[in-house]
>>> print(open('run-v4.csv').read())   # CSV, C-alpha atoms
chain,number,residue,atom,x,y,z
U,24,MET,CA,41.0,-19.8,12.8
U,25,ASP,CA,37.8,-18.0,12.2
U,26,LYS,CA,37.7,-14.3,12.9
U,27,ARG,CA,34.4,-14.8,14.7
U,28,ASP,CA,36.1,-17.1,17.2
U,29,ASP,CA,38.8,-14.5,17.8
U,30,ILE,CA,36.2,-11.9,18.5
U,31,VAL,CA,34.3,-14.2,21.0
U,32,ARG,CA,37.5,-14.9,22.8
U,33,ASP,CA,38.3,-11.2,23.2
U,34,VAL,CA,34.9,-10.6,24.9
U,35,SER,CA,34.7,-11.3,28.6
U,36,PRO,CA,32.0,-13.6,30.1
U,37,LYS,CA,30.3,-10.6,31.7
U,38,GLN,CA,30.0,-8.9,28.3
U,39,LEU,CA,28.6,-12.1,26.8
U,40,ILE,CA,26.0,-12.2,29.5
U,41,LEU,CA,25.1,-8.6,29.0
U,42,ARG,CA,24.8,-9.1,25.2
U,43,LYS,CA,22.4,-12.1,25.7
U,44,VAL,CA,20.3,-10.1,28.2
U,45,TRP,CA,20.1,-7.2,25.8
U,46,THR,CA,19.1,-9.6,23.0
U,47,VAL,CA,16.3,-11.0,25.2
U,48,VAL,CA,15.2,-7.5,26.1
U,49,GLN,CA,15.1,-6.5,22.5
U,50,HIS,CA,12.9,-9.4,21.5
U,51,VAL,CA,10.6,-8.8,24.4
U,52,LEU,CA,10.2,-5.1,23.4
U,53,LEU,CA,9.6,-6.0,19.8
U,54,LEU,CA,7.0,-8.6,20.9
U,55,LEU,CA,5.2,-6.1,23.1
U,56,GLY,CA,5.3,-3.5,20.3
U,57,GLY,CA,3.9,-6.0,17.8
U,58,LEU,CA,1.1,-6.9,20.2
U,59,ILE,CA,0.3,-3.2,20.8
U,60,VAL,CA,0.1,-2.6,17.0
U,61,ILE,CA,-1.9,-5.7,16.2
U,62,PHE,CA,-4.4,-5.6,19.1
U,63,PRO,CA,-6.8,-3.0,17.5
U,64,PHE,CA,-6.9,-5.1,14.4
U,65,VAL,CA,-7.7,-8.2,16.4
U,66,TRP,CA,-10.3,-6.3,18.5
U,67,MET,CA,-12.0,-5.1,15.3
U,68,ILE,CA,-12.3,-8.6,13.9
U,69,LEU,CA,-13.6,-10.1,17.2
U,70,THR,CA,-16.0,-7.2,17.7
U,71,ALA,CA,-17.5,-7.9,14.2
U,72,PHE,CA,-18.7,-11.3,15.5
U,73,LYS,CA,-20.4,-9.9,18.7
U,74,THR,CA,-23.8,-8.4,19.4
U,75,ASN,CA,-24.3,-4.7,20.2
U,76,PRO,CA,-25.3,-5.3,23.8
U,77,GLU,CA,-22.2,-7.4,24.3
U,78,VAL,CA,-20.0,-4.6,22.9
U,79,THR,CA,-21.6,-1.8,24.8
U,80,ASP,CA,-21.6,-3.6,28.2
U,81,ILE,CA,-18.3,-2.4,29.6
U,82,ALA,CA,-18.9,-4.1,33.0
U,83,GLU,CA,-19.0,-7.5,31.3
U,84,PHE,CA,-16.1,-7.1,28.9
U,85,HIS,CA,-15.0,-10.2,27.0
U,86,LEU,CA,-12.4,-10.3,24.3
U,87,LEU,CA,-13.9,-13.3,22.5
U,88,PRO,CA,-17.5,-13.3,21.4
U,89,GLN,CA,-19.9,-15.2,23.7
U,90,THR,CA,-21.8,-16.3,20.5
U,91,TRP,CA,-20.3,-15.9,17.1
U,92,GLN,CA,-22.7,-13.7,15.0
U,93,TRP,CA,-22.0,-14.6,11.4
U,94,GLU,CA,-25.1,-12.8,10.3
U,95,ASN,CA,-23.3,-9.5,10.9
U,96,PHE,CA,-21.4,-10.2,7.7
U,97,THR,CA,-24.3,-11.8,5.7
U,98,SER,CA,-26.5,-8.8,6.4
U,99,LEU,CA,-23.9,-6.4,5.0
U,100,PHE,CA,-24.5,-7.9,1.5
U,101,SER,CA,-28.2,-8.7,1.9
U,102,GLN,CA,-29.3,-5.4,3.2
U,103,HIS,CA,-26.8,-3.0,1.7
U,104,PRO,CA,-25.0,-2.6,-1.7
U,105,MET,CA,-21.7,-3.9,-0.4
U,106,ALA,CA,-21.2,-6.1,-3.5
U,107,THR,CA,-21.5,-2.9,-5.7
U,108,TYR,CA,-18.9,-1.1,-3.6
U,109,TYR,CA,-16.6,-4.1,-3.8
U,110,VAL,CA,-16.9,-4.3,-7.6
U,111,ASN,CA,-16.3,-0.5,-7.9
U,112,SER,CA,-13.2,-0.7,-5.7
U,113,ILE,CA,-11.8,-3.6,-7.8
U,114,ILE,CA,-12.4,-1.5,-11.0
U,115,TYR,CA,-10.8,1.6,-9.5
U,116,THR,CA,-7.8,-0.4,-8.2
U,117,LEU,CA,-7.2,-2.2,-11.5
U,118,LEU,CA,-7.6,0.9,-13.7
U,119,ARG,CA,-5.2,2.8,-11.5
U,120,SER,CA,-2.6,0.2,-10.5
U,121,ILE,CA,-1.7,-1.4,-13.8
U,122,PRO,CA,-1.1,1.8,-15.8
U,123,SER,CA,0.6,3.4,-12.7
U,124,ILE,CA,3.1,0.6,-12.5
U,125,PHE,CA,3.9,0.8,-16.2
U,126,PHE,CA,4.3,4.6,-16.3
U,127,ALA,CA,6.3,4.7,-13.1
U,128,ALA,CA,8.7,2.0,-14.3
U,129,ILE,CA,9.3,3.5,-17.7
U,130,THR,CA,9.7,7.1,-16.3
U,131,GLY,CA,12.0,5.9,-13.6
U,132,PHE,CA,14.1,4.1,-16.2
U,133,ALA,CA,14.3,7.2,-18.4
U,134,LEU,CA,15.4,9.5,-15.5
U,135,ALA,CA,18.0,7.0,-14.3
U,136,LYS,CA,19.5,5.7,-17.5
U,137,MET,CA,18.7,8.0,-20.4
U,138,PRO,CA,20.5,11.4,-20.5
U,139,PHE,CA,18.4,14.2,-22.1
U,140,ARG,CA,18.2,17.9,-21.8
U,141,GLY,CA,16.2,19.0,-18.8
U,142,ARG,CA,16.5,15.7,-16.9
U,143,GLY,CA,17.6,17.5,-13.8
U,144,MET,CA,14.6,19.8,-13.9
U,145,VAL,CA,12.2,16.9,-14.4
U,146,TRP,CA,13.8,15.0,-11.4
U,147,PHE,CA,13.5,18.1,-9.3
U,148,LEU,CA,9.8,18.4,-10.2
U,149,VAL,CA,9.2,14.8,-9.3
U,150,LEU,CA,10.9,15.3,-5.9
U,151,ALA,CA,9.0,18.6,-5.3
U,152,THR,CA,5.7,16.8,-6.1
U,153,LEU,CA,6.5,14.3,-3.4
U,154,ILE,CA,6.8,17.1,-0.8
U,155,VAL,CA,3.6,18.8,-1.7
U,156,PRO,CA,0.6,17.2,0.2
U,157,PHE,CA,-2.3,15.9,-1.8
U,158,GLN,CA,-4.6,18.3,0.0
U,159,VAL,CA,-2.8,21.3,-1.6
U,160,ARG,CA,-3.5,19.9,-5.1
U,161,LEU,CA,-7.0,18.9,-4.3
U,162,ILE,CA,-8.9,22.0,-5.4
U,163,PRO,CA,-7.1,22.4,-8.8
U,164,LEU,CA,-7.5,18.7,-9.5
U,165,ALA,CA,-11.2,18.8,-8.7
U,166,ASP,CA,-11.7,21.9,-10.8
U,167,MET,CA,-9.9,20.1,-13.7
U,168,ILE,CA,-11.8,16.8,-13.4
U,169,PHE,CA,-15.1,18.6,-13.1
U,170,GLY,CA,-14.3,20.8,-16.1
U,171,TRP,CA,-13.7,17.7,-18.1
U,172,GLY,CA,-17.1,16.3,-17.2
U,173,LEU,CA,-15.7,13.3,-15.3
U,174,ARG,CA,-17.6,13.7,-12.1
U,175,ASN,CA,-19.3,10.4,-11.1
U,176,GLU,CA,-17.1,8.6,-13.7
U,177,TYR,CA,-14.5,5.9,-13.1
U,178,TRP,CA,-11.8,7.8,-14.9
U,179,GLY,CA,-12.5,10.9,-12.8
U,180,VAL,CA,-11.3,8.9,-9.8
U,181,VAL,CA,-8.5,7.1,-11.6
U,182,LEU,CA,-6.7,9.8,-13.7
U,183,PRO,CA,-5.0,11.7,-10.9
U,184,GLY,CA,-3.3,8.5,-9.7
U,185,LEU,CA,-1.9,7.3,-13.0
U,186,MET,CA,1.5,9.0,-12.5
U,187,GLU,CA,2.6,8.7,-8.9
U,188,PRO,CA,5.8,10.6,-8.1
U,189,PHE,CA,6.7,8.0,-5.4
U,190,GLY,CA,6.6,5.2,-7.9
U,191,ILE,CA,8.8,7.2,-10.3
U,192,PHE,CA,11.3,7.8,-7.5
U,193,LEU,CA,11.2,4.1,-6.4
U,194,PHE,CA,11.9,2.8,-9.9
U,195,ALA,CA,14.6,5.4,-10.6
U,196,GLN,CA,16.5,4.4,-7.5
U,197,ALA,CA,16.2,0.7,-8.5
U,198,CYS,CA,17.3,1.4,-12.1
U,199,LYS,CA,20.4,3.3,-10.8
U,200,SER,CA,21.7,0.1,-9.3
U,201,ILE,CA,21.6,-1.7,-12.8
U,202,PRO,CA,25.1,-1.6,-14.4
U,203,ASN,CA,25.4,0.5,-17.5
U,204,SER,CA,27.5,-2.3,-19.0
U,205,LEU,CA,24.4,-4.5,-19.4
U,206,LEU,CA,22.6,-1.8,-21.4
U,207,GLU,CA,25.7,-1.2,-23.5
U,208,ALA,CA,25.9,-4.9,-24.2
U,209,ALA,CA,22.3,-5.1,-25.2
U,210,LYS,CA,22.8,-2.0,-27.4
U,211,MET,CA,25.8,-3.7,-29.1
U,212,ASP,CA,23.5,-6.8,-29.8
U,213,GLY,CA,21.1,-4.5,-31.7
U,214,CYS,CA,18.5,-3.7,-29.0
U,215,ASN,CA,16.9,-0.3,-29.1
U,216,VAL,CA,15.9,1.6,-26.0
U,217,TRP,CA,12.5,-0.1,-25.7
U,218,GLN,CA,14.0,-3.6,-26.1
U,219,GLN,CA,16.6,-2.7,-23.4
U,220,PHE,CA,13.9,-1.8,-21.1
U,221,VAL,CA,11.7,-4.9,-21.8
U,222,TYR,CA,14.4,-7.6,-22.0
U,223,VAL,CA,17.1,-6.3,-19.7
U,224,VAL,CA,15.7,-3.8,-17.2
U,225,MET,CA,12.3,-5.3,-16.4
U,226,PRO,CA,13.5,-8.8,-15.3
U,227,LEU,CA,15.9,-7.1,-12.9
U,228,LEU,CA,13.0,-4.9,-11.5
U,229,ILE,CA,10.7,-7.8,-10.6
U,230,PRO,CA,11.2,-7.2,-6.8
U,231,THR,CA,10.6,-3.5,-7.2
U,232,LEU,CA,7.5,-4.2,-9.3
U,233,ALA,CA,6.1,-6.4,-6.6
U,234,ALA,CA,6.8,-3.9,-3.9
U,235,TYR,CA,5.2,-1.0,-5.8
U,236,ALA,CA,2.3,-3.2,-6.8
U,237,ILE,CA,1.5,-3.8,-3.1
U,238,ILE,CA,1.9,-0.1,-2.3
U,239,ILE,CA,-0.3,1.2,-5.2
U,240,PHE,CA,-2.9,-1.6,-4.5
U,241,MET,CA,-3.2,-0.4,-0.9
U,242,TRP,CA,-3.4,3.2,-1.9
U,243,SER,CA,-6.0,2.6,-4.6
U,244,TRP,CA,-8.1,0.2,-2.5
U,245,GLY,CA,-8.1,2.5,0.5
U,246,GLU,CA,-8.7,5.7,-1.4
U,247,PHE,CA,-11.3,7.8,0.4
U,248,LEU,CA,-10.8,11.6,0.1
U,249,TRP,CA,-10.6,11.9,-3.6
U,250,GLY,CA,-13.4,9.3,-4.2
U,251,PHE,CA,-15.6,11.1,-1.6
U,252,ILE,CA,-15.3,14.3,-3.6
U,253,VAL,CA,-15.6,13.0,-7.1
U,254,VAL,CA,-18.3,10.3,-6.6
U,255,THR,CA,-21.7,11.1,-5.2
U,256,THR,CA,-23.9,8.3,-6.6
U,257,PRO,CA,-24.0,4.9,-4.8
U,258,ASP,CA,-23.6,2.9,-8.1
U,259,LYS,CA,-20.1,4.4,-8.6
U,260,MET,CA,-18.9,4.6,-4.9
U,261,PRO,CA,-15.8,2.7,-3.9
U,262,LEU,CA,-15.8,0.6,-0.8
U,263,GLU,CA,-14.3,3.2,1.5
U,264,VAL,CA,-16.8,5.9,0.5
U,265,GLY,CA,-19.7,3.5,0.7
U,266,ILE,CA,-18.6,2.4,4.3
U,267,LYS,CA,-18.5,6.1,5.3
U,268,GLY,CA,-22.2,6.5,4.3
U,269,PHE,CA,-23.0,3.2,5.9
U,270,ALA,CA,-21.4,4.2,9.1
U,271,GLY,CA,-23.4,7.4,9.1
U,272,GLU,CA,-26.6,5.4,8.7
U,273,HIS,CA,-25.7,2.8,11.4
U,274,TYR,CA,-23.6,4.8,13.8
U,275,THR,CA,-25.2,3.1,16.7
U,276,SER,CA,-24.5,-0.4,15.4
U,277,VAL,CA,-20.8,-0.9,16.4
U,278,VAL,CA,-20.8,-4.5,15.2
U,279,GLN,CA,-22.0,-3.6,11.7
U,280,MET,CA,-19.3,-0.9,11.3
U,281,MET,CA,-16.7,-3.4,12.5
U,282,ALA,CA,-17.9,-6.0,10.1
U,283,ALA,CA,-17.8,-3.6,7.3
U,284,ALA,CA,-14.2,-2.5,8.2
U,285,THR,CA,-13.2,-6.1,8.4
U,286,VAL,CA,-14.6,-6.9,5.0
U,287,ALA,CA,-12.7,-3.9,3.6
U,288,VAL,CA,-9.3,-4.7,5.0
U,289,VAL,CA,-9.3,-8.4,4.1
U,290,PRO,CA,-8.1,-8.0,0.4
U,291,VAL,CA,-5.3,-5.7,1.5
U,292,LEU,CA,-4.1,-8.1,4.1
U,293,ALA,CA,-4.3,-11.0,1.7
U,294,VAL,CA,-2.2,-9.3,-1.0
U,295,PHE,CA,0.4,-8.2,1.5
U,296,LEU,CA,0.8,-11.6,3.1
U,297,ALA,CA,1.0,-13.2,-0.3
U,298,MET,CA,3.8,-10.8,-1.5
U,299,GLN,CA,5.5,-9.7,1.6
U,300,ARG,CA,8.9,-11.3,0.7
U,301,GLN,CA,8.9,-9.5,-2.7
U,302,PHE,CA,7.9,-6.3,-1.0
U,303,ILE,CA,10.8,-6.4,1.5
U,304,LYS,CA,13.3,-7.4,-1.2
U,305,GLY,CA,12.0,-4.7,-3.6
U,306,MET,CA,12.3,-2.0,-0.9
U,307,THR,CA,15.8,-3.1,-0.1
U,308,LEU,CA,17.0,-3.1,-3.7
U,309,SER,CA,15.6,0.3,-4.3
U,310,GLY,CA,17.6,1.7,-1.4
U,311,LEU,CA,14.5,2.6,0.8
U,312,LYS,CA,15.6,0.5,3.8
U,313,GLY,CA,14.0,0.9,7.2
>>> encode(input="run-v4.csv", output="structure tokens")
Amino acid sequence: MDKRDDIVRDVSPKQLILRKVWTVVQHVLLLLGGLIVIFPFVWMILTAFKTNPEVTDIAEFHLLPQTWQWENFTSLFSQHPMATYYVNSIIYTLLRSIPSIFFAAITGFALAKMPFRGRGMVWFLVLATLIVPFQVRLIPLADMIFGWGLRNEYWGVVLPGLMEPFGIFLFAQACKSIPNSLLEAAKMDGCNVWQQFVYVVMPLLIPTLAAYAIIIFMWSWGEFLWGFIVVTTPDKMPLEVGIKGFAGEHYTSVVQMMAAATVAVVPVLAVFLAMQRQFIKGMTLSGLKG
């Protein structure tokens, strides 16, 4: 007989009832927690379609808009340079994400599978960099970028994010799970190190690549502090920095700020929903389980 049947028979009816009750309680708690987390996001989107008097009138609170104000979104692009901010964010995201994925993958592979002198020290420095907050490195990074004349330039925003220690750690953990026998077999077939990485390692890292692509996309798209320091001209501002100036200009217009925030979060949400399965699988294979 099945072992599961034996286990069920050993459990008393009272214990089975308690387990079912506990399962229901868990699902209810998870549902409540999910609603609490998602409610601010839903409120932001619904507020973006309201009027300012409707939002500020606390006595007549309504979750849904009385009249859907689509012009709150059209005015963003007709009266403000939101299109320029969007294009700049796309440029910053692509210039940072694609090289960062490549550098993190190849560096993680080298640290996991290629023995060389000083590998332990390099691995220690990567882990140490993970511990150091970005704010600690902010002043020396700014001094270096400004010294190179990259202020108000695309590469001035992009360069510090091309080698992310978290990405190196993520790919190194994923590469450690690849059997050495596969690399030895490829070596016996005449593949050099580069060919081993391209033809053997990379196909096995597709889930990790997808997971890190989502992470680096969200980091790059939502970058604010570094972009706020490096970029001062509107024609080079990313979306988050542009919205900060827009919020300061229209701090009394709640619906305009909510509309701008909604427009900014839509690409991140779309990318995550499209690649969430690969993201979960990649994080699991890399050993970073929740």
>>> closest_residue(input="run-v4.csv", among="U:Leu53, U:Val60, U:Cys214, U:Met105", to="Ala282 of chain U", atoms="all atoms listed in the file")
U:Met105
>>> atom_distance(input="run-v4.csv", atom1="atom CA of Phe189 of chain U", atom2="atom CA of Ile124 of chain U")
10.9 Å
>>> closest_residue(input="run-v4.csv", among="U:Phe64, U:Phe132, U:Trp178, U:Phe169", to="Ala197 of chain U", atoms="all atoms listed in the file")
U:Phe132
>>> atom_distance(input="run-v4.csv", atom1="atom CA of Gly131 of chain U", atom2="atom CA of Phe192 of chain U")
6.4 Å
>>> closest_residue(input="run-v4.csv", among="U:Phe157, U:Phe72, U:Tyr177, U:Phe251", to="Tyr115 of chain U", atoms="all atoms listed in the file")
U:Tyr177
>>> closest_residue(input="run-v4.csv", among="U:Tyr108, U:Phe240, U:Met281, U:Gly250", to="Phe295 of chain U", atoms="all atoms listed in the file")
U:Phe240
>>> residues_around(input="run-v4.csv", residues="Val264 of chain U", least_positions_apart="2", cutoff="10 Å", atoms="all atoms listed in the file", output="compact mmCIF listing (two decimals) with C-alpha atoms, in the frame of the given file")
# COMPACT_ATOMS: atom_id res chain seq x y z
CA TYR U 108 -18.90 -1.10 -3.60
CA SER U 112 -13.20 -0.70 -5.70
CA GLY U 245 -8.10 2.50 0.50
CA GLU U 246 -8.70 5.70 -1.40
CA PHE U 247 -11.30 7.80 0.40
CA LEU U 248 -10.80 11.60 0.10
CA TRP U 249 -10.60 11.90 -3.60
CA GLY U 250 -13.40 9.30 -4.20
CA PHE U 251 -15.60 11.10 -1.60
CA ILE U 252 -15.30 14.30 -3.60
CA VAL U 254 -18.30 10.30 -6.60
CA THR U 255 -21.70 11.10 -5.20
CA PRO U 257 -24.00 4.90 -4.80
CA LYS U 259 -20.10 4.40 -8.60
CA MET U 260 -18.90 4.60 -4.90
CA PRO U 261 -15.80 2.70 -3.90
CA LEU U 262 -15.80 0.60 -0.80
CA ILE U 266 -18.60 2.40 4.30
CA LYS U 267 -18.50 6.10 5.30
CA GLY U 268 -22.20 6.50 4.30
CA PHE U 269 -23.00 3.20 5.90
CA ALA U 270 -21.40 4.20 9.10
>>> closest_residue(input="run-v4.csv", among="U:Ala128, U:Pro104, U:Leu193, U:Gly179", to="Leu150 of chain U", atoms="only C-alpha atoms")
U:Leu193
>>> closest_residue(input="run-v4.csv", among="U:Gln196, U:Ser120, U:Gln219, U:Thr70", to="Trp146 of chain U", atoms="all atoms listed in the file")
U:Gln196
>>> residues_around(input="run-v4.csv", residues="segment 84-98 of chain U", least_positions_apart="3", cutoff="9 Å", atoms="all atoms listed in the file", output="ChimeraX atom specification")
/U:66,69-74,77-81,101-103,278-279,282-283,286
>>> build_atoms(input="run-v4.csv", residues="segment 285-298 of chain U", atoms="N, CA and C atoms", output="compact mmCIF listing (two decimals), in the frame of the given file")
# COMPACT_ATOMS: atom_id res chain seq x y z
N THR U 285 -13.85 -4.85 8.62
CA THR U 285 -13.20 -6.10 8.40
C THR U 285 -13.23 -6.61 7.01
N VAL U 286 -14.39 -6.50 6.42
CA VAL U 286 -14.60 -6.90 5.00
C VAL U 286 -13.68 -6.07 4.11
N ALA U 287 -13.53 -4.79 4.42
CA ALA U 287 -12.70 -3.90 3.60
C ALA U 287 -11.25 -4.17 3.66
N VAL U 288 -10.77 -4.59 4.82
CA VAL U 288 -9.30 -4.70 5.00
C VAL U 288 -8.82 -6.12 4.59
N VAL U 289 -9.70 -7.09 4.41
CA VAL U 289 -9.30 -8.40 4.10
C VAL U 289 -8.48 -8.51 2.77
N PRO U 290 -8.91 -7.88 1.66
CA PRO U 290 -8.10 -8.00 0.40
C PRO U 290 -6.70 -7.40 0.58
N VAL U 291 -6.57 -6.27 1.26
CA VAL U 291 -5.30 -5.70 1.50
C VAL U 291 -4.35 -6.59 2.25
N LEU U 292 -4.89 -7.17 3.31
CA LEU U 292 -4.10 -8.10 4.10
C LEU U 292 -3.70 -9.32 3.34
N ALA U 293 -4.60 -9.84 2.52
CA ALA U 293 -4.30 -11.00 1.70
C ALA U 293 -3.19 -10.76 0.72
N VAL U 294 -3.27 -9.61 0.04
CA VAL U 294 -2.20 -9.30 -1.00
C VAL U 294 -0.90 -9.08 -0.29
N PHE U 295 -0.86 -8.41 0.85
CA PHE U 295 0.40 -8.20 1.50
C PHE U 295 1.03 -9.48 2.01
N LEU U 296 0.24 -10.35 2.61
CA LEU U 296 0.80 -11.60 3.10
C LEU U 296 1.28 -12.49 1.97
N ALA U 297 0.63 -12.41 0.81
CA ALA U 297 1.00 -13.20 -0.30
C ALA U 297 2.33 -12.72 -0.97
N MET U 298 2.61 -11.41 -0.84
CA MET U 298 3.80 -10.80 -1.50
C MET U 298 4.71 -10.10 -0.60
